[in-house]
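The block underneath contains the structure these notes are about, expressed in structure tokens.
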Amino acid sequence: MSYEEKGTWIYLVTSTGAYAVYLVIVIGRLLVMPVPQVAYISVLLWTTGASILASIVGRVVVETARPSDSRRSDVRDKEISQFGEHASRWFIVAGSAAALIMAMARWDYFWIANVLYLGFVLWAVAGSAIKLVAYRRGLQPA
Amino acid sequence: MSKPTKITNSIRVLRFAHGEMTQARLADQVGVTRQTIIAIEQGRYSPSLEMAFEIARVFKVPLDEVFHYPGG
């Protein structure tokens, strides 16, 4: 497994894990208080920060346990990365469009922020999954 | 994305004909990772025309001795 493929696995795991933790905490608060009182901003920022830190630590741990031949990326890594991000971009578009509509309908900031966050998470998760499929099953230029 | 390519190649045969060249050594000479050479050999990745020429140059053979297209 190449350095970049390992990094994609780590990113997928940490971004999914961070969002799962966020959901557990925020949904727990949603069940006991009204939406305007739910403190989600600090949880969002902390889980995002923890995800970035976990990615860095994960890379160091994995490279220590199973060192890669090389840490450089090549043209195939770049093509797979671009393909994954291009194919998953619709989650960002959908999240942004939903947030726009919710803002025009004067929804609470909580829902607008969360639909945007969901869009980013789905973009990251779907993009990583698509990249991993491309690494495993192959990538043929269109 | 995973649509199989019709292009086949003789990289594995050429490596063995060139002193059992390792995938890692070929990768170094072409400037890619060993995983990319593995993916090309297995038909999971179609290299650019430029990379195909670089691979052929390493083996000092014409391009069509490395890569083959059916009916050609």
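Convention: chains lettered A, B, ... in structure tokens order; per-chain residue numbering from 1; ligands numbered from 1 as shown.
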Once you count only C-alpha atoms, which residues of chain B turn out to be within 12 Å of chain A? Could you give them as a PyMOL selection string?
chain B and resi 1-7+23-25+27-28+30-51
For those residues, write N, CA, C and O atoms to a file as a compact mmCIF listing (two decimals), in the first residue's frame.
```txt
# COMPACT_ATOMS: atom_id res chain seq x y z
N MET B 1 -14.33 4.53 -14.00
CA MET B 1 -13.21 4.44 -13.09
C MET B 1 -12.57 3.06 -13.16
O MET B 1 -11.39 2.93 -13.41
N SER B 2 -13.37 1.99 -12.95
CA SER B 2 -12.78 0.66 -12.92
C SER B 2 -13.03 -0.09 -14.21
O SER B 2 -12.88 -1.29 -14.28
N LYS B 3 -13.47 0.63 -15.25
CA LYS B 3 -13.69 0.00 -16.54
C LYS B 3 -12.36 -0.60 -17.02
O LYS B 3 -11.35 0.11 -17.11
N PRO B 4 -12.34 -1.90 -17.31
CA PRO B 4 -11.06 -2.51 -17.67
C PRO B 4 -10.53 -1.95 -18.98
O PRO B 4 -11.29 -1.69 -19.92
N THR B 5 -9.21 -1.78 -19.03
CA THR B 5 -8.59 -1.28 -20.25
C THR B 5 -8.35 -2.44 -21.22
O THR B 5 -8.13 -3.57 -20.80
N LYS B 6 -8.38 -2.15 -22.51
CA LYS B 6 -8.07 -3.17 -23.52
C LYS B 6 -6.57 -3.26 -23.73
O LYS B 6 -6.08 -4.17 -24.39
N ILE B 7 -5.85 -2.29 -23.20
CA ILE B 7 -4.40 -2.26 -23.39
C ILE B 7 -3.75 -3.30 -22.47
O ILE B 7 -4.04 -3.34 -21.28
N GLN B 23 10.48 -4.25 -9.56
CA GLN B 23 9.47 -3.20 -9.77
C GLN B 23 9.96 -1.89 -9.15
O GLN B 23 9.72 -0.81 -9.69
N ALA B 24 10.65 -2.01 -8.02
CA ALA B 24 11.14 -0.81 -7.34
C ALA B 24 12.17 -0.07 -8.21
O ALA B 24 12.15 1.17 -8.30
N ARG B 25 13.06 -0.84 -8.87
CA ARG B 25 14.09 -0.20 -9.70
C ARG B 25 13.45 0.46 -10.93
O ARG B 25 13.81 1.58 -11.31
N ALA B 27 10.42 1.55 -11.08
CA ALA B 27 9.70 2.71 -10.57
C ALA B 27 10.65 3.90 -10.38
O ALA B 27 10.32 5.03 -10.75
N ASP B 28 11.82 3.64 -9.83
CA ASP B 28 12.81 4.71 -9.62
C ASP B 28 13.21 5.33 -10.95
O ASP B 28 13.33 6.55 -11.06
N VAL B 30 11.55 5.41 -13.73
CA VAL B 30 10.44 6.12 -14.40
C VAL B 30 10.00 7.33 -13.57
O VAL B 30 9.40 8.27 -14.09
N GLY B 31 10.31 7.28 -12.27
CA GLY B 31 9.93 8.40 -11.40
C GLY B 31 8.53 8.28 -10.84
O GLY B 31 7.83 9.29 -10.68
N VAL B 32 8.10 7.04 -10.57
CA VAL B 32 6.79 6.81 -9.96
C VAL B 32 6.98 5.87 -8.76
O VAL B 32 8.09 5.41 -8.49
N THR B 33 5.89 5.59 -8.06
CA THR B 33 5.98 4.67 -6.93
C THR B 33 5.91 3.22 -7.42
O THR B 33 5.43 2.95 -8.53
N ARG B 34 6.40 2.31 -6.59
CA ARG B 34 6.35 0.88 -6.95
C ARG B 34 4.89 0.44 -7.15
O ARG B 34 4.59 -0.38 -8.02
N GLN B 35 3.99 1.01 -6.36
CA GLN B 35 2.57 0.64 -6.47
C GLN B 35 1.99 1.00 -7.84
O GLN B 35 1.10 0.32 -8.35
N THR B 36 2.51 2.08 -8.43
CA THR B 36 2.04 2.47 -9.76
C THR B 36 2.51 1.47 -10.82
O THR B 36 1.75 1.10 -11.71
N ILE B 37 3.75 1.01 -10.69
CA ILE B 37 4.25 -0.01 -11.62
C ILE B 37 3.41 -1.29 -11.48
O ILE B 37 3.03 -1.91 -12.48
N ILE B 38 3.11 -1.67 -10.24
CA ILE B 38 2.28 -2.87 -10.00
C ILE B 38 0.91 -2.68 -10.66
O ILE B 38 0.40 -3.58 -11.34
N ALA B 39 0.32 -1.50 -10.47
CA ALA B 39 -1.02 -1.23 -11.03
C ALA B 39 -0.98 -1.29 -12.57
O ALA B 39 -1.90 -1.80 -13.20
N ILE B 40 0.09 -0.77 -13.17
CA ILE B 40 0.21 -0.81 -14.65
C ILE B 40 0.37 -2.25 -15.11
O ILE B 40 -0.31 -2.70 -16.04
N GLU B 41 1.23 -2.99 -14.46
CA GLU B 41 1.46 -4.40 -14.84
C GLU B 41 0.16 -5.21 -14.78
O GLU B 41 -0.10 -6.07 -15.61
N GLN B 42 -0.65 -4.91 -13.77
CA GLN B 42 -1.90 -5.66 -13.58
C GLN B 42 -3.07 -5.09 -14.39
O GLN B 42 -4.19 -5.59 -14.28
N GLY B 43 -2.82 -4.05 -15.17
CA GLY B 43 -3.87 -3.46 -16.00
C GLY B 43 -4.88 -2.65 -15.21
O GLY B 43 -5.97 -2.36 -15.68
N ARG B 44 -4.51 -2.23 -13.98
CA ARG B 44 -5.42 -1.42 -13.17
C ARG B 44 -5.20 0.07 -13.36
O ARG B 44 -5.92 0.88 -12.81
N TYR B 45 -4.20 0.42 -14.13
CA TYR B 45 -3.92 1.84 -14.37
C TYR B 45 -3.30 1.99 -15.75
O TYR B 45 -2.35 1.27 -16.09
N SER B 46 -3.87 2.89 -16.53
CA SER B 46 -3.30 3.18 -17.84
C SER B 46 -2.40 4.41 -17.73
O SER B 46 -2.88 5.49 -17.39
N PRO B 47 -1.11 4.25 -17.99
CA PRO B 47 -0.21 5.39 -17.85
C PRO B 47 -0.45 6.41 -18.96
O PRO B 47 -1.02 6.09 -20.00
N SER B 48 0.03 7.62 -18.71
CA SER B 48 -0.03 8.64 -19.76
C SER B 48 0.91 8.20 -20.90
O SER B 48 1.78 7.34 -20.71
N LEU B 49 0.75 8.84 -22.06
CA LEU B 49 1.60 8.52 -23.20
C LEU B 49 3.07 8.79 -22.86
O LEU B 49 3.96 8.01 -23.20
N GLU B 50 3.28 9.89 -22.11
CA GLU B 50 4.65 10.24 -21.74
C GLU B 50 5.27 9.17 -20.84
O GLU B 50 6.43 8.76 -21.04
N MET B 51 4.50 8.70 -19.84
CA MET B 51 5.03 7.67 -18.95
C MET B 51 5.26 6.37 -19.71
O MET B 51 6.24 5.65 -19.46
```
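Neighbours of range 109-112 of chain A closer than or equal to 9 Å, with only C-alpha atoms counted and sequence neighbours fewer than 2 positions away skipped, come out as Val35, Pro36, Val38, Ala39, Tyr40, Ile41, Ala98, Ala99, Leu100, Met102, Ala103, Arg106, Trp107, Asn114, Val115, Leu116 and Tyr117 of chain A.
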Who sits within 9 Å of Lys6 in chain A, only C-alpha atoms, same chain under 6 positions skipped, as a list in words:
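In the requested format, the answer is Arg59, Val62, Glu63 and Ser68 of chain A.
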Selected residues, all heavy atoms, written as a PDB file, in the first residue's frame, please.
```pdb
ATOM      1  N   ARG A  59      -0.760   8.996  10.864  1.00  0.00           N
ATOM      2  CA  ARG A  59       0.264   8.839   9.818  1.00  0.00           C
ATOM      3  C   ARG A  59       1.605   8.437  10.416  1.00  0.00           C
ATOM      4  O   ARG A  59       2.291   7.556   9.898  1.00  0.00           O
ATOM      5  CB  ARG A  59       0.442  10.153   9.053  1.00  0.00           C
ATOM      6  CG  ARG A  59      -0.571  10.346   7.955  1.00  0.00           C
ATOM      7  CD  ARG A  59       0.132  10.746   6.671  1.00  0.00           C
ATOM      8  NE  ARG A  59      -0.765  10.581   5.542  1.00  0.00           N
ATOM      9  CZ  ARG A  59      -0.378  10.699   4.285  1.00  0.00           C
ATOM     10  NH1 ARG A  59       0.871  10.961   3.995  1.00  0.00           N
ATOM     11  NH2 ARG A  59      -1.230  10.530   3.309  1.00  0.00           N
ATOM     12  N   VAL A  62       1.331   4.749  11.724  1.00  0.00           N
ATOM     13  CA  VAL A  62       1.289   3.765  10.632  1.00  0.00           C
ATOM     14  C   VAL A  62       2.639   3.675   9.928  1.00  0.00           C
ATOM     15  O   VAL A  62       3.117   2.585   9.614  1.00  0.00           O
ATOM     16  CB  VAL A  62       0.156   4.113   9.631  1.00  0.00           C
ATOM     17  CG1 VAL A  62       0.275   3.285   8.366  1.00  0.00           C
ATOM     18  CG2 VAL A  62      -1.206   3.885  10.280  1.00  0.00           C
ATOM     19  N   GLU A  63       3.275   4.833   9.697  1.00  0.00           N
ATOM     20  CA  GLU A  63       4.576   4.813   9.019  1.00  0.00           C
ATOM     21  C   GLU A  63       5.662   4.194   9.894  1.00  0.00           C
ATOM     22  O   GLU A  63       6.616   3.620   9.379  1.00  0.00           O
ATOM     23  CB  GLU A  63       4.985   6.234   8.607  1.00  0.00           C
ATOM     24  CG  GLU A  63       4.322   6.707   7.346  1.00  0.00           C
ATOM     25  CD  GLU A  63       4.542   5.778   6.157  1.00  0.00           C
ATOM     26  OE1 GLU A  63       5.686   5.416   5.872  1.00  0.00           O
ATOM     27  OE2 GLU A  63       3.541   5.393   5.527  1.00  0.00           O
ATOM     28  N   SER A  68       6.473   3.016   4.409  1.00  0.00           N
ATOM     29  CA  SER A  68       6.239   2.969   2.964  1.00  0.00           C
ATOM     30  C   SER A  68       7.574   2.965   2.229  1.00  0.00           C
ATOM     31  O   SER A  68       8.582   3.437   2.761  1.00  0.00           O
ATOM     32  CB  SER A  68       5.427   4.180   2.516  1.00  0.00           C
ATOM     33  OG  SER A  68       4.204   4.236   3.197  1.00  0.00           O
TER      34      SER A  68
END
```
Run DSSP on the backbone and give me the residues of range 7-132 of chain A it puts in helix (DSSP H, G or I), as number ranges by chain.
A: 7-30, 35-37, 41-65, 75-87, 89-104, 109-132
Might you pull out every residue within 12 Å of Gly49 in chain A, with only C-alpha atoms counted and same-chain residues fewer than 3 positions away left off, and present them as a VMD selection string?
chain A and resid 14 to 15 18 to 19 22 42 to 46 52 to 56
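The closest residue to Trp9 in chain A, picked from A:Pro67, A:Gly58, A:Gly119, A:Ala97 and counting only C-alpha atoms, is A:Gly58.
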Figure out the distance between CA of Pro34 in chain A and CA of Ala124 in chain A, please, to one decimal in Å.
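So the answer is 29.6 Å.
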Using Å and a single decimal, report how far CA of Gly17 in chain A sits from CA of Leu122 in chain A.
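So the two atoms, CA of Leu122 in chain A and CA of Gly17 in chain A, lie 12.5 Å apart.
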Could you work out how far CA of Thr8 in chain B lies from CA of Glu20 in chain B, giving the answer in Å with one decimal?
20.0 Å
